[in-house]
>>> print(open('query06.cif').read())   # mmCIF, C-alpha atoms
data_coords
#
loop_
_atom_site.label_atom_id
_atom_site.label_comp_id
_atom_site.auth_asym_id
_atom_site.auth_seq_id
_atom_site.Cartn_x
_atom_site.Cartn_y
_atom_site.Cartn_z
CA SER J 1 102.59 84.23 62.06
CA PRO J 2 100.67 82.56 59.18
CA SER J 3 101.70 79.10 60.48
CA ARG J 4 101.09 77.46 63.87
CA LEU J 5 102.95 74.90 65.96
CA MET J 6 100.91 72.06 67.32
CA VAL J 7 101.84 70.71 70.76
CA ASN J 8 100.34 67.45 71.99
CA VAL J 9 99.75 67.38 75.75
CA SER J 10 99.32 64.19 77.84
CA ILE J 11 98.11 64.43 81.43
CA LEU J 12 99.35 61.39 83.33
CA LYS J 13 96.90 60.28 85.95
CA PRO J 14 98.34 57.43 88.04
CA VAL J 15 95.73 55.68 90.15
CA PRO J 16 96.24 55.30 93.89
CA PRO J 17 97.21 51.90 95.34
CA THR J 18 94.48 49.43 96.28
CA THR J 19 93.76 47.17 99.23
CA ALA J 20 91.18 44.65 100.36
CA GLU J 21 91.72 45.88 103.94
CA VAL J 22 90.71 49.47 104.40
CA ASN J 23 90.65 48.76 108.16
CA GLN J 24 93.88 47.25 109.44
CA THR J 25 94.55 46.16 113.01
CA PHE J 26 97.92 45.65 114.67
CA CYS J 27 99.15 44.65 118.14
CA GLU J 28 100.87 47.41 120.11
CA ILE J 29 103.56 45.00 121.33
CA ASP J 30 104.65 44.26 117.74
CA GLY J 31 105.67 47.87 117.13
CA LYS J 32 104.44 47.79 113.53
CA MET J 33 105.66 50.51 111.14
CA VAL J 34 104.30 52.32 108.08
CA SER J 35 106.07 49.72 105.94
CA ASP J 36 103.79 47.06 107.47
CA LEU J 37 100.61 48.56 105.98
CA ASN J 38 99.07 46.19 103.45
CA VAL J 39 98.33 47.73 100.01
CA ALA J 40 98.93 46.74 96.40
CA GLY J 41 100.86 49.24 94.29
CA ALA J 42 104.28 50.48 93.17
CA GLY J 43 106.20 53.45 94.52
CA VAL J 44 103.74 53.83 97.38
CA LEU J 45 104.08 56.90 99.56
CA TRP J 46 102.21 57.32 102.86
CA TYR J 47 100.91 60.52 104.45
CA ASP J 48 99.26 61.38 107.75
CA THR J 49 96.59 63.52 106.04
CA GLU J 50 94.90 63.56 102.66
CA ILE J 51 96.61 66.82 101.66
CA SER J 52 99.98 66.54 103.38
CA THR J 53 103.00 67.06 101.11
CA THR J 54 105.50 65.41 103.45
CA PRO J 55 105.61 61.63 103.14
CA LEU J 56 105.97 59.50 106.27
CA ALA J 57 109.10 57.45 106.79
CA ALA J 58 108.70 53.72 106.27
CA THR J 59 110.06 53.22 109.80
CA ASP J 60 107.52 55.47 111.53
CA ILE J 61 105.62 53.52 114.22
CA LEU J 62 101.91 53.14 113.51
CA VAL J 63 99.32 54.73 115.79
CA ASP J 64 95.52 54.76 115.82
CA GLY J 65 94.11 56.80 112.96
CA ASP J 66 93.95 57.23 109.18
CA TYR J 67 96.85 56.90 106.76
CA TRP J 68 96.73 58.03 103.09
CA ALA J 69 98.67 56.28 100.34
CA SER J 70 99.61 57.51 96.87
CA GLN J 71 101.19 55.54 94.03
CA THR J 72 104.00 56.80 91.79
CA ASP J 73 104.29 55.81 88.13
CA ALA J 74 107.73 54.29 87.63
CA SER J 75 108.30 55.51 84.03
CA SER J 76 107.20 59.08 84.46
CA GLY J 77 107.70 59.62 88.18
CA CYS J 78 104.19 61.05 88.43
CA GLU J 79 102.42 60.59 91.75
CA SER J 80 98.69 59.85 91.91
CA ALA J 81 96.60 62.92 92.64
CA SER J 82 94.15 60.92 94.72
CA ARG J 83 95.05 58.80 97.69
CA LEU J 84 93.86 55.59 99.29
CA VAL J 85 92.84 55.91 102.94
CA VAL J 86 93.51 53.10 105.41
CA ASN J 87 92.19 53.18 108.95
CA VAL J 88 94.61 51.77 111.52
CA THR J 89 93.66 50.36 114.93
CA ILE J 90 96.37 49.52 117.44
CA THR J 91 95.15 46.88 119.90
CA LYS J 92 96.48 47.61 123.39
CA PRO J 93 95.58 44.87 125.90
CA LEU J 94 96.13 45.76 129.55
CA PRO J 95 98.47 43.65 131.68
CA PRO J 96 96.98 41.33 134.31
CA THR J 97 96.25 42.65 137.80
CA THR J 98 96.84 41.46 141.35
CA THR J 99 96.21 42.59 144.91
CA GLU J 100 99.49 40.95 145.94
CA SER J 101 102.48 42.64 144.36
CA SER J 102 104.67 40.71 146.82
CA GLN J 103 103.94 37.01 147.13
CA SER J 104 105.50 34.56 149.60
CA PHE J 105 105.55 30.80 149.30
CA CYS J 106 106.33 28.36 152.12
CA ILE J 107 108.40 25.43 150.89
CA LYS J 108 106.79 23.28 153.58
CA ASP J 109 103.34 23.76 152.03
CA TYR J 110 104.47 22.16 148.75
CA ILE J 111 106.39 19.11 150.02
CA PRO J 112 107.29 16.80 148.32
CA SER J 113 107.34 19.32 145.45
CA SER J 114 108.10 23.07 145.33
CA PRO J 115 106.11 26.17 144.29
CA THR J 116 106.05 26.84 140.54
CA VAL J 117 105.15 29.69 138.17
CA ALA J 118 101.61 28.26 138.04
CA ASP J 119 101.21 29.14 141.75
CA LEU J 120 101.58 32.89 141.17
CA ASN J 121 98.33 34.73 141.91
CA VAL J 122 97.14 37.24 139.26
CA SER J 123 93.86 38.01 137.51
CA GLY J 124 93.75 37.86 133.71
CA THR J 125 93.46 35.62 130.65
CA ASN J 126 96.16 33.77 128.76
CA ILE J 127 98.89 34.87 131.16
CA ASN J 128 102.53 34.67 130.10
CA TRP J 129 105.29 34.93 132.72
CA TYR J 130 108.82 36.22 132.11
CA ASP J 131 112.01 36.48 134.15
CA SER J 132 112.58 40.09 133.05
CA GLU J 133 110.54 43.04 131.82
CA THR J 134 111.93 42.76 128.29
CA SER J 135 112.39 39.00 127.85
CA THR J 136 110.72 37.50 124.80
CA THR J 137 110.89 33.93 126.09
CA ALA J 138 107.96 33.00 128.30
CA LEU J 139 108.56 30.81 131.35
CA ALA J 140 106.94 27.38 131.61
CA THR J 141 104.19 27.11 134.23
CA THR J 142 106.14 24.19 135.72
CA ASP J 143 109.30 26.25 136.30
CA LEU J 144 110.23 26.35 140.00
CA LEU J 145 109.94 29.73 141.70
CA ALA J 146 112.97 31.44 143.20
CA ASN J 147 113.46 34.67 145.13
CA GLY J 148 113.16 37.65 142.78
CA ASN J 149 110.82 39.44 140.36
CA TYR J 150 108.51 37.89 137.78
CA TRP J 151 106.71 39.80 135.00
CA ALA J 152 103.28 38.86 133.62
CA SER J 153 101.57 39.82 130.35
CA GLN J 154 98.00 39.16 129.25
CA THR J 155 96.85 38.10 125.77
CA ASP J 156 93.38 39.09 124.55
CA ALA J 157 90.97 37.19 122.30
CA SER J 158 92.51 38.75 119.18
CA GLY J 159 95.85 37.19 120.04
CA CYS J 160 97.50 40.48 121.00
CA GLU J 161 99.76 40.37 124.04
CA SER J 162 99.95 43.37 126.39
CA ALA J 163 102.95 45.58 125.70
CA THR J 164 103.27 46.39 129.41
CA ARG J 165 103.73 43.79 132.13
CA LEU J 166 102.79 43.36 135.77
CA VAL J 167 105.72 42.75 138.13
CA VAL J 168 105.38 40.45 141.14
CA SER J 169 108.07 40.13 143.79
CA VAL J 170 108.47 36.53 144.98
CA SER J 171 109.89 35.18 148.23
CA VAL J 172 110.38 31.45 148.66
CA VAL J 173 110.60 30.91 152.42
CA ASN J 174 112.32 27.90 153.97
CA PRO J 175 113.19 28.60 157.65
CA THR J 176 116.14 26.77 159.18
CA PRO J 177 114.94 24.15 161.69
CA PRO J 178 115.69 24.78 165.37
CA THR J 179 118.65 23.21 167.19
CA THR J 180 119.43 22.21 170.76
CA THR J 181 122.36 20.91 172.76
CA GLN J 182 119.99 19.03 175.09
CA ALA J 183 117.77 16.46 173.45
CA ASN J 184 116.86 15.25 176.98
CA GLN J 185 115.86 17.89 179.48
CA SER J 186 115.01 17.47 183.18
CA PHE J 187 112.93 19.62 185.49
CA CYS J 188 111.74 19.53 189.07
CA LYS J 189 108.03 18.96 189.47
CA ALA J 190 107.88 21.77 192.00
CA GLN J 191 108.86 24.19 189.22
CA ASN J 192 105.65 23.44 187.30
CA PRO J 193 107.63 23.54 184.01
CA THR J 194 105.91 24.42 180.71
CA LEU J 195 106.92 24.37 177.05
CA SER J 196 108.39 27.85 177.47
CA ASN J 197 111.05 26.32 179.76
CA LEU J 198 112.44 24.01 177.07
CA GLN J 199 115.83 25.05 175.67
CA VAL J 200 116.01 25.30 171.86
CA ASP J 201 117.72 27.73 169.50
CA GLY J 202 115.64 29.11 166.62
CA THR J 203 113.21 31.83 165.60
CA SER J 204 109.53 32.00 166.53
CA ILE J 205 109.45 28.41 167.85
CA ILE J 206 106.21 26.45 167.43
CA TRP J 207 105.66 23.31 169.54
CA TYR J 208 103.76 20.14 168.64
CA ALA J 209 102.84 16.93 170.45
CA LEU J 210 103.81 14.79 167.42
CA GLU J 211 106.28 15.09 164.56
CA ASP J 212 103.49 15.28 161.99
CA SER J 213 100.88 17.12 164.06
CA THR J 214 99.30 20.20 162.50
CA THR J 215 97.91 21.56 165.77
CA PRO J 216 100.38 23.78 167.66
CA LEU J 217 100.62 23.59 171.45
CA SER J 218 100.38 26.64 173.68
CA SER J 219 103.68 27.77 175.20
CA THR J 220 101.94 27.49 178.61
CA THR J 221 101.31 23.75 178.16
CA SER J 222 102.56 21.85 181.24
CA LEU J 223 105.35 19.35 180.61
CA ASP J 224 104.75 15.65 181.37
CA ASP J 225 107.31 13.18 182.65
CA GLY J 226 108.49 11.10 179.71
CA GLY J 227 106.79 13.43 177.26
CA VAL J 228 108.29 14.03 173.82
CA TYR J 229 107.75 17.48 172.28
CA TRP J 230 108.50 18.57 168.73
CA ALA J 231 109.76 22.06 167.80
CA ALA J 232 109.67 23.86 164.43
CA SER J 233 111.13 27.27 163.57
CA SER J 234 108.96 29.81 161.76
CA ASP J 235 109.36 33.06 159.87
CA ALA J 236 107.77 35.88 161.86
CA THR J 237 106.63 37.79 158.76
CA THR J 238 105.19 35.00 156.62
CA GLU J 239 104.54 32.43 159.39
CA CYS J 240 106.23 29.81 157.21
CA GLU J 241 107.53 26.85 159.23
CA SER J 242 110.69 24.82 158.87
CA ILE J 243 110.29 21.56 156.97
CA SER J 244 111.84 19.44 159.74
CA ARG J 245 111.33 19.46 163.50
CA ILE J 246 113.49 18.46 166.45
CA SER J 247 112.30 16.48 169.47
CA ILE J 248 112.93 17.06 173.17
CA THR J 249 112.36 14.27 175.69
CA VAL J 250 111.34 15.51 179.13
CA THR J 251 112.01 14.04 182.58
CA ILE J 252 110.10 15.44 185.57
CA ASN J 253 111.84 14.73 188.86
CA ASP J 254 109.40 14.39 191.76
CA ILE J 255 111.28 14.26 195.11
CA SER J 256 109.35 12.47 197.90
CA PRO J 257 108.63 14.63 200.97
CA VAL J 258 110.35 13.91 204.29
CA THR J 259 108.64 11.77 206.92
CA ILE J 260 108.48 12.55 210.59
CA SER J 261 108.56 9.77 213.17
CA ALA J 262 106.73 11.88 215.74
CA SER J 263 104.73 14.99 215.13
CA SER J 264 105.51 16.11 218.70
CA GLN J 265 109.12 15.92 219.87
CA SER J 266 110.45 17.07 223.26
CA PHE J 267 113.91 18.31 224.20
CA CYS J 268 115.49 19.34 227.50
CA ALA J 269 116.45 22.97 227.78
CA SER J 270 119.89 21.87 228.96
CA GLU J 271 120.44 20.06 225.64
CA ASN J 272 120.45 23.32 223.67
CA ALA J 273 118.60 21.48 220.88
CA THR J 274 118.69 22.85 217.33
CA ILE J 275 116.66 22.18 214.17
CA ALA J 276 119.21 19.49 213.31
CA ASP J 277 118.00 17.53 216.37
CA ILE J 278 114.46 17.14 215.02
CA SER J 279 113.95 13.54 213.99
CA VAL J 280 112.93 13.29 210.30
CA ALA J 281 113.61 10.80 207.53
CA GLY J 282 114.50 12.04 204.06
#
>>> encode(input="query06.cif", output="structure tokens")
Amino acid sequence: SPSRLMVNVSILKPVPPTTAEVNQTFCEIDGKMVSDLNVAGAGVLWYDTEISTTPLAATDILVDGDYWASQTDASSGCESASRLVVNVTITKPLPPTTTESSQSFCIKDYIPSSPTVADLNVSGTNINWYDSETSTTALATTDLLANGNYWASQTDASGCESATRLVVSVSVVNPTPPTTTQANQSFCKAQNPTLSNLQVDGTSIIWYALEDSTTPLSSTTSLDDGGVYWAASSDATTECESISRISITVTINDISPVTISASSQSFCASENATIADISVAG
């Protein structure tokens, strides 16, 4: 053909998005998604490789590694041929640790107060305690402990809290004090009575010489006439004692021996004397 048609061609070259943070760090516990990546641009699409043709969903959870972003021109719909790379680090603090997964607290040891969350024994920094594994409301360190499980997280220097938690089983022990139907108990001196002879109802009884004494008496301790002895119950597993004690007052009866008017006494065979005829006083 003697004439030619001229066609004008324009190659659209959108630039990729930009960012001042090519390295971006997130806390594992926050569950950040692709949509949380910080870049400046319009129609941004994210990929898991530089050459992938399948964009990531905005709701995909971020993991450690590189992410590539393209930008799409709104008027033409052209996507940038080059991509911006962003390196993602997910900070994953470990939970605290403990050698005591089950912890017992004696109410008596905290009188006049009670054990609190602050008394739980774990190793870690910036510990937060929760009443469930998934709770988002931390307990106050002054909250009173109760029987049950408590979960602890640890927060590192970056401010990230551990996504997993340590569970501690708590027992608050308050044994019931002993009881007795005989606040006054009597014994014969000839029996050589000891603390083990005193009648009280309770578990793992511990005896004391005074109501506020901290030194237990041996169960083989001999009883004294007029003595007052104090008993506490205790938990056999934890050795926790009851808060209150009961007292037993002891009387030791010492019967005087008989007296004999004559150490030698004679009887006639014809009298058919018996033991009853021996002259004694008592």
>>> atom_distance(input="query06.cif", atom1="CA of Thr203 in chain J", atom2="CA of Ser242 in chain J")
10.0 Å
>>> resolve_selection(input="query06.cif", expression="the PyMOL selection byres ((chain J and resi 143) around 9)", output="list in words")
Pro115, Thr116, Val117, Ala118, Leu139, Ala140, Thr141, Thr142, Leu144 and Leu145 of chain J
>>> write_last_selection(input="query06.cif", atoms="C-alpha atoms", output="PDB file, keeping the file's coordinate frame")
ATOM      1  CA  PRO J 115     106.110  26.170 144.290  1.00  0.00           C
ATOM      2  CA  THR J 116     106.050  26.840 140.540  1.00  0.00           C
ATOM      3  CA  VAL J 117     105.150  29.690 138.170  1.00  0.00           C
ATOM      4  CA  ALA J 118     101.610  28.260 138.040  1.00  0.00           C
ATOM      5  CA  LEU J 139     108.560  30.810 131.350  1.00  0.00           C
ATOM      6  CA  ALA J 140     106.940  27.380 131.610  1.00  0.00           C
ATOM      7  CA  THR J 141     104.190  27.110 134.230  1.00  0.00           C
ATOM      8  CA  THR J 142     106.140  24.190 135.720  1.00  0.00           C
ATOM      9  CA  LEU J 144     110.230  26.350 140.000  1.00  0.00           C
ATOM     10  CA  LEU J 145     109.940  29.730 141.700  1.00  0.00           C
TER      11      LEU J 145
END
>>> atom_distance(input="query06.cif", atom1="CA of Ser101 in chain J", atom2="CA of Ala236 in chain J")
19.5 Å
>>> resolve_selection(input="query06.cif", expression="the PyMOL selection byres ((chain J and resi 256-260) around 8)", output="PyMOL selection string")
chain J and resi 254-255+261-263+279-282
>>> write_last_selection(input="query06.cif", atoms="C-alpha atoms", output="PDB file, in the frame of the given file")
ATOM      1  CA  ASP J 254     109.400  14.390 191.760  1.00  0.00           C
ATOM      2  CA  ILE J 255     111.280  14.260 195.110  1.00  0.00           C
ATOM      3  CA  SER J 261     108.560   9.770 213.170  1.00  0.00           C
ATOM      4  CA  ALA J 262     106.730  11.880 215.740  1.00  0.00           C
ATOM      5  CA  SER J 263     104.730  14.990 215.130  1.00  0.00           C
ATOM      6  CA  SER J 279     113.950  13.540 213.990  1.00  0.00           C
ATOM      7  CA  VAL J 280     112.930  13.290 210.300  1.00  0.00           C
ATOM      8  CA  ALA J 281     113.610  10.800 207.530  1.00  0.00           C
ATOM      9  CA  GLY J 282     114.500  12.040 204.060  1.00  0.00           C
TER      10      GLY J 282
END
>>> resolve_selection(input="query06.cif", expression="the PyMOL selection byres ((chain J and resi 170) around 9)", output="list in words")
Ser101, Ser102, Gln103, Ser104, Phe105, Leu120, Leu145, Ala146, Asn147, Gly148, Asn149, Tyr150, Val168, Ser169, Ser171 and Val172 of chain J
>>> axis_aligned_box(input="query06.cif", around="range 42-45 of chain J", padding_each_side="5 Å", output="lines of an AutoDock Vina configuration file")
center_x = 105.0
center_y = 53.7
center_z = 96.4
size_x = 12.5
size_y = 16.4
size_z = 16.4
>>> closest_residue(input="query06.cif", among="J:Ala69, J:Ala138, J:Ile127, J:Val22", to="Leu45 in chain J", atoms="only C-alpha atoms")
J:Ala69
>>> atom_distance(input="query06.cif", atom1="CA of Thr194 in chain J", atom2="CA of Thr237 in chain J")
25.7 Å
>>> residues_around(input="query06.cif", residues="Cys27 in chain J", least_positions_apart="5", cutoff="7 Å", atoms="only C-alpha atoms", output="PyMOL selection string")
chain J and resi 90-92+160
>>> closest_residue(input="query06.cif", among="J:Leu94, J:Ile252, J:Ile243, J:Cys106", to="Asp212 in chain J", atoms="all atoms listed in the file")
J:Ile243
>>> residues_near_point(input="query06.cif", point="(96.2, 46.7, 96.6)", cutoff="6 Å", atoms="all atoms listed in the file", output="list of chain:residue names")
J:Pro17, J:Thr18, J:Thr19, J:Val39, J:Ala40, J:Gly41
>>> closest_residue(input="query06.cif", among="J:Ile107, J:Val63, J:Ala183, J:Ile51", to="Val250 in chain J", atoms="only C-alpha atoms")
J:Ala183
>>> residues_near_point(input="query06.cif", point="(103.3, 44.9, 117.0)", cutoff="12 Å", atoms="only C-alpha atoms", output="JSON, numbers by chain")
{"J": [25, 26, 27, 28, 29, 30, 31, 32, 33, 34, 36, 37, 61, 62, 63, 89, 90, 91, 92, 93, 159, 160, 161, 162, 163]}
>>> decode(input="query06.cif", residues="range 260-271 of chain J", atoms="all heavy atoms", output="compact mmCIF listing (two decimals), in the first residue's frame")
# COMPACT_ATOMS: atom_id res chain seq x y z
N ILE J 260 0.29 -49.46 156.26
CA ILE J 260 0.14 -50.71 157.04
C ILE J 260 0.56 -50.41 158.48
O ILE J 260 1.64 -49.85 158.71
CB ILE J 260 1.02 -51.82 156.44
CG1 ILE J 260 0.62 -52.07 154.97
CG2 ILE J 260 0.92 -53.11 157.26
CD1 ILE J 260 1.53 -53.07 154.28
N SER J 261 -0.31 -50.76 159.42
CA SER J 261 -0.02 -50.48 160.83
C SER J 261 1.10 -51.36 161.35
O SER J 261 1.87 -50.97 162.22
CB SER J 261 -1.28 -50.71 161.68
OG SER J 261 -1.76 -52.03 161.51
N ALA J 262 1.23 -52.56 160.82
CA ALA J 262 2.29 -53.47 161.26
C ALA J 262 2.76 -54.26 160.07
O ALA J 262 1.94 -54.86 159.35
CB ALA J 262 1.80 -54.39 162.37
N SER J 263 4.06 -54.26 159.86
CA SER J 263 4.58 -54.97 158.70
C SER J 263 4.54 -56.48 158.92
O SER J 263 4.61 -57.24 157.96
CB SER J 263 6.01 -54.52 158.41
OG SER J 263 6.83 -54.77 159.55
N SER J 264 4.42 -56.89 160.21
CA SER J 264 4.28 -58.32 160.51
C SER J 264 2.99 -58.51 161.28
O SER J 264 2.78 -57.88 162.34
CB SER J 264 5.47 -58.84 161.35
OG SER J 264 6.67 -58.74 160.60
N GLN J 265 2.10 -59.31 160.79
CA GLN J 265 0.82 -59.54 161.45
C GLN J 265 0.60 -61.05 161.60
O GLN J 265 0.89 -61.81 160.68
CB GLN J 265 -0.32 -58.90 160.66
CG GLN J 265 -0.19 -57.38 160.54
CD GLN J 265 -1.34 -56.72 159.80
OE1 GLN J 265 -2.46 -57.22 159.85
NE2 GLN J 265 -1.05 -55.59 159.15
N SER J 266 0.12 -61.45 162.79
CA SER J 266 -0.04 -62.88 163.11
C SER J 266 -1.51 -63.24 163.23
O SER J 266 -2.33 -62.43 163.70
CB SER J 266 0.67 -63.22 164.43
OG SER J 266 2.07 -62.93 164.31
N PHE J 267 -1.83 -64.44 162.83
CA PHE J 267 -3.21 -64.93 162.90
C PHE J 267 -3.18 -66.38 163.38
O PHE J 267 -2.23 -67.13 163.09
CB PHE J 267 -3.89 -64.86 161.53
CG PHE J 267 -3.93 -63.46 160.96
CD1 PHE J 267 -2.89 -63.01 160.15
CD2 PHE J 267 -4.99 -62.61 161.24
CE1 PHE J 267 -2.90 -61.73 159.62
CE2 PHE J 267 -5.00 -61.33 160.70
CZ PHE J 267 -3.97 -60.87 159.89
N CYS J 268 -4.21 -66.77 164.12
CA CYS J 268 -4.33 -68.15 164.57
C CYS J 268 -4.89 -68.99 163.44
O CYS J 268 -5.77 -68.55 162.69
CB CYS J 268 -5.27 -68.27 165.78
SG CYS J 268 -4.65 -67.36 167.23
N ALA J 269 -4.37 -70.21 163.33
CA ALA J 269 -4.82 -71.10 162.26
C ALA J 269 -6.31 -71.35 162.37
O ALA J 269 -7.02 -71.49 161.36
CB ALA J 269 -4.05 -72.41 162.31
N SER J 270 -6.82 -71.36 163.64
CA SER J 270 -8.24 -71.64 163.83
C SER J 270 -9.13 -70.51 163.35
O SER J 270 -10.33 -70.69 163.18
CB SER J 270 -8.51 -71.92 165.33
OG SER J 270 -8.16 -70.77 166.11
N GLU J 271 -8.51 -69.33 163.11
CA GLU J 271 -9.32 -68.17 162.67
C GLU J 271 -9.62 -68.22 161.16
O GLU J 271 -10.44 -67.45 160.66
CB GLU J 271 -8.57 -66.87 162.98
CG GLU J 271 -8.42 -66.60 164.47
CD GLU J 271 -7.60 -65.36 164.76
OE1 GLU J 271 -6.76 -64.99 163.91
OE2 GLU J 271 -7.81 -64.74 165.82
